[in-house]
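So the structure is just underneath, and the comments pick up after that.
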Amino acid sequence: MKEAAAYGADKIIVVDGEEYQHYTTDAYADAMYALVTKYGPTTMMIGATNEGRDMGPRLSCRLRTGLTADCTAVDYDEETGNIAWTRPTFGGNLLATIMCPDHRPQIGTVRPGVFKKGERNEDNKPEIITEDIHIAAERIRTRLVEVLKDLDAGDVNLESAEVIVSGGRGVGGPEGFEPLKELADLLGGVVGASRAAVDAGWIGHVHQVGQTGKTVGPKLYIACGISGAIQHAAGMSGSDVIVAINKDPDAPIFNMADYGVVGDLKLVIPELIKQIKESRK
Ligand code: FAD
């Protein structure tokens with residue numbers, strides 16, 4: 001709630017209760033349905049997280065309205081009030097823009113990281129409304145038995161990272177990620193990866209950037225040995241500054257890069273690390 005306030009919410013509606021302690025489709029969808037029915041919003045944006053992706057369709061179906069899932073860009077038509085929701089389609093080879101002109105609310109699940117965070121303002125004081133909504137226990141058909149932590153996940157938080165050094169097939173193997181990790185550490189960043197590198201088993205899926213990975217928006221994204229396929233671009237094109245290191249001058253990644261180095265990453269990255277270290281002496 002504090003976070004929503006600091007980032008500019010005008011009103012925050014709080015629904016609290018034992019049944020919301022852990023996410024369940026039934027309890028959360030029921031509570032949201034009650035809120036939508038009462039407040040009649042014209043638009044709903046839900047985070048395309050595991051939970052949001054689960055609850056959104058349930059809600060839209062119950063409200064008999066449309067939902068555009070997993071959007072990577074959002075635009076607004078002031079005249080009609082329609083949102084233009086953009087999402088990858090046909091295996092990520094096309095970007096489709098979808099509108100829902102005839103039904104309200106228009107709902108979309110939007111990938112974390114798609115919007116740039118605004119400035120924090122601790123002085124923003126939203127109106128807090130408390131709604132007393134409770135769901136009968138027998139209506140909740142699932143029960144949380146145990147939470148298993150993904151031990152491979154580590155503490156990678158790509159979505160909030162300011163610097164990401166990503167590796168693709170061009171790094172050549174799991175050991176190819178070591179220099180990238182060193183570079184990321186030097187820059188206070190984290191390591192990302194293309195799907196090719198993840199599918200090869202060189203690095204865990206939590207590091208994957210792109211359509212079927214994370215959408216990121218760091219200040220600096222360094223793509224090493226990544227060709228720049230549209231499915232990868234879908235997850236990182238919102239980065240402030242993109243640096244590409246690739247030995248192929250025609251690699252599509254250079255079309256979206258602010259800075260490009262044509263060369264073998266096995267030579268370029270150690271040199272980059274050396275020069276950063278020297279500049280800090
Ligand atoms: P490649 O395309 O093989 O590129 C490797 C690059 O490394 C080349 O440009 C090469 O010139 C360069 N290189 C090689 N050796 C060196 C060297 N020594 N020094 C410098 N450069 C070198 N991909 C994603 O990344 N994320 C996704 O979320 C994703 N989702 C997908 C979803 C669907 C439905 C589909 C169909 C595909 C998806 N893909 C995704 C896969 C995507 O289409 C590409 O296949 C993938 O991004 C390619 O990864 P890459 O750039 O590492 O490999």
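In the structure tokens, chains take the letters A, B, ... in the order shown, each chain's residues start at 1, and ligands count up from 1 in the order shown.
Every protein, DNA or RNA residue with an atom at most 12 Å from Thr89 of chain A, where only C-alpha atoms count and chain neighbours fewer than 3 positions away do not, is listed here: Thr68, Ala69, Asp70, Cys71, Thr72, Thr86, Gly92, Asn93, Leu94, Leu95, Ala96, Thr97, Ile98, Gln211, Thr212, Ile230, Gln231 and Ala234 of chain A.
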How would the residues just chosen look if you wrote them out with all heavy atoms as a CSV table (one decimal), in the first residue's frame?
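In the end it all went to out22.csv:
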chain,number,residue,atom,x,y,z
A,68,THR,N,-7.0,-8.7,-22.8
A,68,THR,CA,-5.8,-8.9,-23.7
A,68,THR,C,-4.7,-9.3,-22.7
A,68,THR,O,-4.3,-8.6,-21.8
A,68,THR,CB,-5.5,-7.6,-24.4
A,68,THR,OG1,-6.6,-7.1,-25.1
A,68,THR,CG2,-4.4,-7.9,-25.5
A,69,ALA,N,-4.2,-10.5,-23.0
A,69,ALA,CA,-3.2,-11.1,-22.0
A,69,ALA,C,-1.8,-10.7,-22.4
A,69,ALA,O,-1.4,-10.7,-23.5
A,69,ALA,CB,-3.4,-12.6,-22.0
A,70,ASP,N,-1.0,-10.5,-21.3
A,70,ASP,CA,0.4,-10.5,-21.5
A,70,ASP,C,1.0,-9.4,-22.4
A,70,ASP,O,1.8,-9.6,-23.3
A,70,ASP,CB,0.9,-11.8,-22.0
A,70,ASP,CG,2.2,-12.3,-21.4
A,70,ASP,OD1,2.6,-11.7,-20.4
A,70,ASP,OD2,2.8,-13.3,-21.9
A,71,CYS,N,0.4,-8.2,-22.2
A,71,CYS,CA,0.8,-7.0,-23.1
A,71,CYS,C,2.2,-6.6,-22.8
A,71,CYS,O,2.7,-6.6,-21.7
A,71,CYS,CB,-0.2,-5.9,-22.8
A,71,CYS,SG,-1.9,-6.3,-23.1
A,72,THR,N,2.8,-6.1,-23.9
A,72,THR,CA,4.2,-5.6,-23.8
A,72,THR,C,4.2,-4.1,-24.1
A,72,THR,O,5.2,-3.4,-24.0
A,72,THR,CB,5.1,-6.3,-24.8
A,72,THR,OG1,4.5,-6.2,-26.1
A,72,THR,CG2,5.3,-7.7,-24.4
A,86,THR,N,-1.0,-4.0,-26.8
A,86,THR,CA,-0.2,-4.7,-27.8
A,86,THR,C,0.5,-5.9,-27.2
A,86,THR,O,1.0,-5.8,-26.0
A,86,THR,CB,0.9,-3.7,-28.3
A,86,THR,OG1,0.2,-2.6,-29.0
A,86,THR,CG2,1.9,-4.4,-29.3
A,92,GLY,N,5.4,-15.0,-31.5
A,92,GLY,CA,6.2,-13.8,-31.3
A,92,GLY,C,6.7,-13.2,-32.5
A,92,GLY,O,7.4,-12.2,-32.5
A,93,ASN,N,6.2,-13.7,-33.7
A,93,ASN,CA,6.7,-13.1,-35.0
A,93,ASN,C,5.9,-11.9,-35.4
A,93,ASN,O,6.3,-11.2,-36.3
A,93,ASN,CB,6.6,-14.2,-36.1
A,93,ASN,CG,7.6,-15.3,-35.9
A,93,ASN,OD1,8.8,-15.0,-35.6
A,93,ASN,ND2,7.2,-16.5,-35.9
A,94,LEU,N,4.8,-11.6,-34.7
A,94,LEU,CA,4.0,-10.4,-35.0
A,94,LEU,C,3.6,-9.8,-33.7
A,94,LEU,O,3.5,-10.5,-32.7
A,94,LEU,CB,2.7,-10.8,-35.7
A,94,LEU,CG,2.7,-11.1,-37.2
A,94,LEU,CD1,1.3,-11.5,-37.6
A,94,LEU,CD2,3.2,-9.9,-38.0
A,95,LEU,N,3.4,-8.5,-33.8
A,95,LEU,CA,2.8,-7.8,-32.6
A,95,LEU,C,1.4,-7.4,-32.9
A,95,LEU,O,1.2,-6.7,-33.9
A,95,LEU,CB,3.7,-6.6,-32.2
A,95,LEU,CG,5.1,-6.9,-31.7
A,95,LEU,CD1,5.9,-5.6,-31.5
A,95,LEU,CD2,5.0,-7.6,-30.3
A,96,ALA,N,0.5,-7.8,-32.2
A,96,ALA,CA,-0.9,-7.5,-32.5
A,96,ALA,C,-1.4,-6.4,-31.5
A,96,ALA,O,-1.1,-6.4,-30.3
A,96,ALA,CB,-1.8,-8.8,-32.3
A,97,THR,N,-2.2,-5.5,-32.1
A,97,THR,CA,-2.8,-4.4,-31.2
A,97,THR,C,-4.3,-4.7,-31.1
A,97,THR,O,-4.9,-4.8,-32.1
A,97,THR,CB,-2.5,-3.0,-31.7
A,97,THR,OG1,-1.0,-2.9,-31.7
A,97,THR,CG2,-3.1,-1.9,-30.9
A,98,ILE,N,-4.8,-4.8,-29.9
A,98,ILE,CA,-6.1,-5.3,-29.7
A,98,ILE,C,-6.9,-4.2,-28.9
A,98,ILE,O,-6.4,-3.6,-28.0
A,98,ILE,CB,-6.1,-6.6,-28.9
A,98,ILE,CG1,-5.4,-7.7,-29.7
A,98,ILE,CG2,-7.5,-7.1,-28.5
A,98,ILE,CD1,-5.0,-8.9,-29.0
A,211,GLN,N,10.1,-12.7,-24.7
A,211,GLN,CA,8.6,-13.0,-24.7
A,211,GLN,C,8.2,-14.1,-23.7
A,211,GLN,O,7.2,-14.0,-23.1
A,211,GLN,CB,8.3,-13.4,-26.1
A,211,GLN,CG,6.8,-13.6,-26.3
A,211,GLN,CD,6.6,-14.3,-27.7
A,211,GLN,OE1,7.3,-14.1,-28.6
A,211,GLN,NE2,5.6,-15.2,-27.7
A,212,THR,N,9.0,-15.1,-23.6
A,212,THR,CA,8.7,-16.2,-22.7
A,212,THR,C,9.6,-16.1,-21.4
A,212,THR,O,9.6,-17.1,-20.7
A,212,THR,CB,8.8,-17.6,-23.4
A,212,THR,OG1,9.9,-17.6,-24.2
A,212,THR,CG2,7.6,-17.9,-24.2
A,230,ILE,N,13.1,-11.1,-32.5
A,230,ILE,CA,12.0,-10.3,-32.1
A,230,ILE,C,11.5,-10.8,-30.7
A,230,ILE,O,11.1,-10.0,-29.9
A,230,ILE,CB,10.8,-10.3,-33.2
A,230,ILE,CG1,9.7,-9.4,-32.8
A,230,ILE,CG2,10.3,-11.7,-33.4
A,230,ILE,CD1,8.7,-9.2,-33.8
A,231,GLN,N,11.6,-12.1,-30.4
A,231,GLN,CA,11.1,-12.6,-29.1
A,231,GLN,C,12.0,-12.1,-28.0
A,231,GLN,O,11.6,-12.0,-26.9
A,231,GLN,CB,11.0,-14.1,-29.1
A,231,GLN,CG,10.0,-14.7,-30.1
A,231,GLN,CD,10.6,-15.0,-31.5
A,231,GLN,OE1,11.7,-14.6,-31.8
A,231,GLN,NE2,9.8,-15.6,-32.3
A,234,ALA,N,11.3,-8.3,-27.5
A,234,ALA,CA,10.0,-8.0,-26.8
A,234,ALA,C,10.3,-7.8,-25.3
A,234,ALA,O,9.5,-7.1,-24.7
A,234,ALA,CB,9.1,-9.2,-27.0
Which residues of chain A come within 8 Å of ligand 1, and what is each one's closest atom pair and distance in Å (one decimal), counting only C-alpha atoms and all ligand atoms, sorted by chain and residue number, as CSV?
residue,atom,partner,partner_atom_place_in_ligand_line,distance
A:Phe90,CA,ligand 1,34 (C),7.5
A:Gly91,CA,ligand 1,34 (C),3.8
A:Gly92,CA,ligand 1,34 (C),5.5
A:Asn93,CA,ligand 1,36 (C),7.6
A:Gly167,CA,ligand 1,52 (O),6.7
A:Gly168,CA,ligand 1,52 (O),3.1
A:Arg169,CA,ligand 1,52 (O),3.9
A:Gly170,CA,ligand 1,14 (C),3.3
A:Val171,CA,ligand 1,18 (N),6.2
A:Gly172,CA,ligand 1,15 (N),6.8
A:Ala193,CA,ligand 1,25 (O),6.7
A:Ser194,CA,ligand 1,25 (O),3.3
A:Arg195,CA,ligand 1,24 (C),4.0
A:Ala196,CA,ligand 1,49 (O),4.3
A:Ala197,CA,ligand 1,52 (O),5.8
A:Gln208,CA,ligand 1,26 (N),6.1
A:Val209,CA,ligand 1,26 (N),5.1
A:Gly210,CA,ligand 1,28 (O),3.2
A:Gln211,CA,ligand 1,28 (O),3.7
A:Thr212,CA,ligand 1,28 (O),3.6
A:Gly213,CA,ligand 1,28 (O),4.3
A:Lys214,CA,ligand 1,28 (O),7.1
A:Cys224,CA,ligand 1,20 (C),6.3
A:Gly225,CA,ligand 1,7 (O),3.4
A:Ile226,CA,ligand 1,51 (O),3.4
A:Ser227,CA,ligand 1,9 (O),3.4
A:Gly228,CA,ligand 1,51 (O),5.4
A:Ala229,CA,ligand 1,47 (O),4.9
A:Ile230,CA,ligand 1,43 (O),6.5
A:Gln231,CA,ligand 1,29 (C),4.6
A:His232,CA,ligand 1,25 (O),3.8
A:Ala233,CA,ligand 1,25 (O),7.6
A:Ala234,CA,ligand 1,28 (O),7.7
A:Gly235,CA,ligand 1,28 (O),6.9
A:Ile245,CA,ligand 1,20 (C),5.8
A:Asn246,CA,ligand 1,21 (N),3.5
A:Lys247,CA,ligand 1,20 (C),4.2
A:Asp248,CA,ligand 1,11 (O),4.4
A:Pro249,CA,ligand 1,11 (O),7.9
A:Ala251,CA,ligand 1,9 (O),5.1
A:Pro252,CA,ligand 1,9 (O),7.7
A:Ile253,CA,ligand 1,9 (O),7.7
A:Val262,CA,ligand 1,20 (C),7.5
A:Gly263,CA,ligand 1,20 (C),5.7
A:Asp264,CA,ligand 1,19 (N),3.5
A:Leu265,CA,ligand 1,19 (N),3.9
A:Lys266,CA,ligand 1,18 (N),5.8
Take the residues that were just selected and, keeping C-alpha atoms, output them as an mmCIF file, in the first residue's frame.
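Saved file out.cif follows:
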data_model
loop_
_atom_site.group_PDB
_atom_site.id
_atom_site.type_symbol
_atom_site.label_atom_id
_atom_site.label_comp_id
_atom_site.auth_asym_id
_atom_site.auth_seq_id
_atom_site.Cartn_x
_atom_site.Cartn_y
_atom_site.Cartn_z
ATOM 1 C CA PHE A 90 2.037 -16.091 -33.818
ATOM 2 C CA GLY A 91 4.955 -17.343 -31.774
ATOM 3 C CA GLY A 92 6.203 -13.798 -31.251
ATOM 4 C CA ASN A 93 6.678 -13.145 -34.977
ATOM 5 C CA GLY A 167 24.436 -13.605 -22.772
ATOM 6 C CA GLY A 168 23.183 -15.602 -25.725
ATOM 7 C CA ARG A 169 24.290 -18.586 -27.774
ATOM 8 C CA GLY A 170 27.411 -16.604 -28.653
ATOM 9 C CA VAL A 171 28.870 -17.070 -25.150
ATOM 10 C CA GLY A 172 29.486 -20.671 -26.166
ATOM 11 C CA ALA A 193 20.164 -14.553 -20.973
ATOM 12 C CA SER A 194 18.500 -15.340 -24.271
ATOM 13 C CA ARG A 195 16.280 -18.356 -24.599
ATOM 14 C CA ALA A 196 18.891 -20.126 -26.723
ATOM 15 C CA ALA A 197 21.299 -20.053 -23.767
ATOM 16 C CA GLN A 208 15.685 -15.411 -19.413
ATOM 17 C CA VAL A 209 14.730 -12.123 -21.017
ATOM 18 C CA GLY A 210 12.085 -11.959 -23.708
ATOM 19 C CA GLN A 211 8.619 -12.987 -24.697
ATOM 20 C CA THR A 212 8.669 -16.191 -22.664
ATOM 21 C CA GLY A 213 11.034 -14.754 -20.047
ATOM 22 C CA LYS A 214 11.116 -11.453 -18.210
ATOM 23 C CA CYS A 224 26.605 -10.260 -25.552
ATOM 24 C CA GLY A 225 26.423 -12.814 -28.353
ATOM 25 C CA ILE A 226 22.686 -12.306 -28.791
ATOM 26 C CA SER A 227 21.337 -11.954 -32.334
ATOM 27 C CA GLY A 228 18.332 -9.797 -31.391
ATOM 28 C CA ALA A 229 15.384 -11.996 -32.404
ATOM 29 C CA ILE A 230 11.975 -10.324 -32.083
ATOM 30 C CA GLN A 231 11.092 -12.576 -29.132
ATOM 31 C CA HIS A 232 14.181 -11.399 -27.271
ATOM 32 C CA ALA A 233 13.582 -7.762 -28.235
ATOM 33 C CA ALA A 234 10.037 -8.020 -26.828
ATOM 34 C CA GLY A 235 11.586 -8.261 -23.382
ATOM 35 C CA ILE A 245 28.571 -6.974 -28.581
ATOM 36 C CA ASN A 246 28.391 -9.329 -31.537
ATOM 37 C CA LYS A 247 30.855 -10.608 -34.094
ATOM 38 C CA ASP A 248 28.306 -10.394 -36.919
ATOM 39 C CA PRO A 249 27.926 -6.766 -38.116
ATOM 40 C CA ALA A 251 23.039 -9.067 -36.456
ATOM 41 C CA PRO A 252 19.587 -7.480 -35.919
ATOM 42 C CA ILE A 253 20.575 -6.516 -32.351
ATOM 43 C CA VAL A 262 31.524 -5.685 -33.659
ATOM 44 C CA GLY A 263 33.909 -8.252 -32.299
ATOM 45 C CA ASP A 264 34.451 -11.497 -30.445
ATOM 46 C CA LEU A 265 32.971 -11.191 -26.968
ATOM 47 C CA LYS A 266 35.723 -13.434 -25.609
#
### Every residue of segment 2-35 of chain A that DSSP places in strand (DSSP E or B), as a ChimeraX atom specification
/A:11-15
### Task
Please provide as a list in words all residues within 8 Å of Val216 of chain A, with the sequence filter that same-chain residues fewer than 5 positions apart are discarded (counting only C-alpha atoms).
Pro112, Gly113, Val114, Leu158, Glu159, Ser160, Ala161, Val209, Gly235, Met236, Gly238 and Ser239 of chain A
Output of the above residues as an mmCIF file, in the first residue's frame, restricted to C-alpha atoms:
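Result file follows (part_12.cif):
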data_model
loop_
_atom_site.group_PDB
_atom_site.id
_atom_site.type_symbol
_atom_site.label_atom_id
_atom_site.label_comp_id
_atom_site.auth_asym_id
_atom_site.auth_seq_id
_atom_site.Cartn_x
_atom_site.Cartn_y
_atom_site.Cartn_z
ATOM 1 C CA PRO A 112 6.018 -6.258 -15.082
ATOM 2 C CA GLY A 113 8.708 -3.910 -16.353
ATOM 3 C CA VAL A 114 6.679 -2.623 -19.338
ATOM 4 C CA LEU A 158 15.823 -8.819 -13.519
ATOM 5 C CA GLU A 159 12.727 -6.661 -13.469
ATOM 6 C CA SER A 160 14.082 -4.126 -11.010
ATOM 7 C CA ALA A 161 17.747 -4.283 -12.087
ATOM 8 C CA VAL A 209 14.730 -12.123 -21.017
ATOM 9 C CA GLY A 235 11.586 -8.261 -23.382
ATOM 10 C CA MET A 236 14.362 -5.678 -23.519
ATOM 11 C CA GLY A 238 12.409 -0.668 -23.364
ATOM 12 C CA SER A 239 15.906 -0.439 -21.857
#
### Ala29 of chain A surroundings by only C-alpha atoms, 8 Å radius, close-in-sequence under 6 positions cut, as a PyMOL selection string
chain A and resi 55-56+58-59
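In this model, the gap between atom CA of Glu18 of chain A and atom CA of Gly52 of chain A comes to 19.8 Å.
Between Val241 of chain A and the residues A:Tyr259, A:Phe115, A:Tyr23, A:Phe254, the shortest atom-to-atom distance, using only C-alpha atoms, involves A:Tyr259.
Taking the backbone of this structure through DSSP, the residues of segment 76-260 of chain A that come out as alpha helix (DSSP H) are Phe177, Glu178, Pro179, Leu180, Lys181, Glu182, Leu183, Ala184, Asp185, Leu186, Arg195, Ala196, Ala197, Val198, Asp199, Ile230, Gln231, His232, Ala233, Ala234, Gly235, Met236, Ile253, Phe254, Asn255 and Met256 of chain A.
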### Task
Find the residues around Asp132 of chain A up to 10 Å (only C-alpha atoms counted), leave out those fewer than 4 positions away in its own chain, and share them as number ranges by chain.
A: 14-17, 31
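Across A:Lys116, A:Asp185, A:Ile269, A:Pro57, the tightest approach to Pro218 of chain A is made by A:Lys116 when counting only C-alpha atoms.
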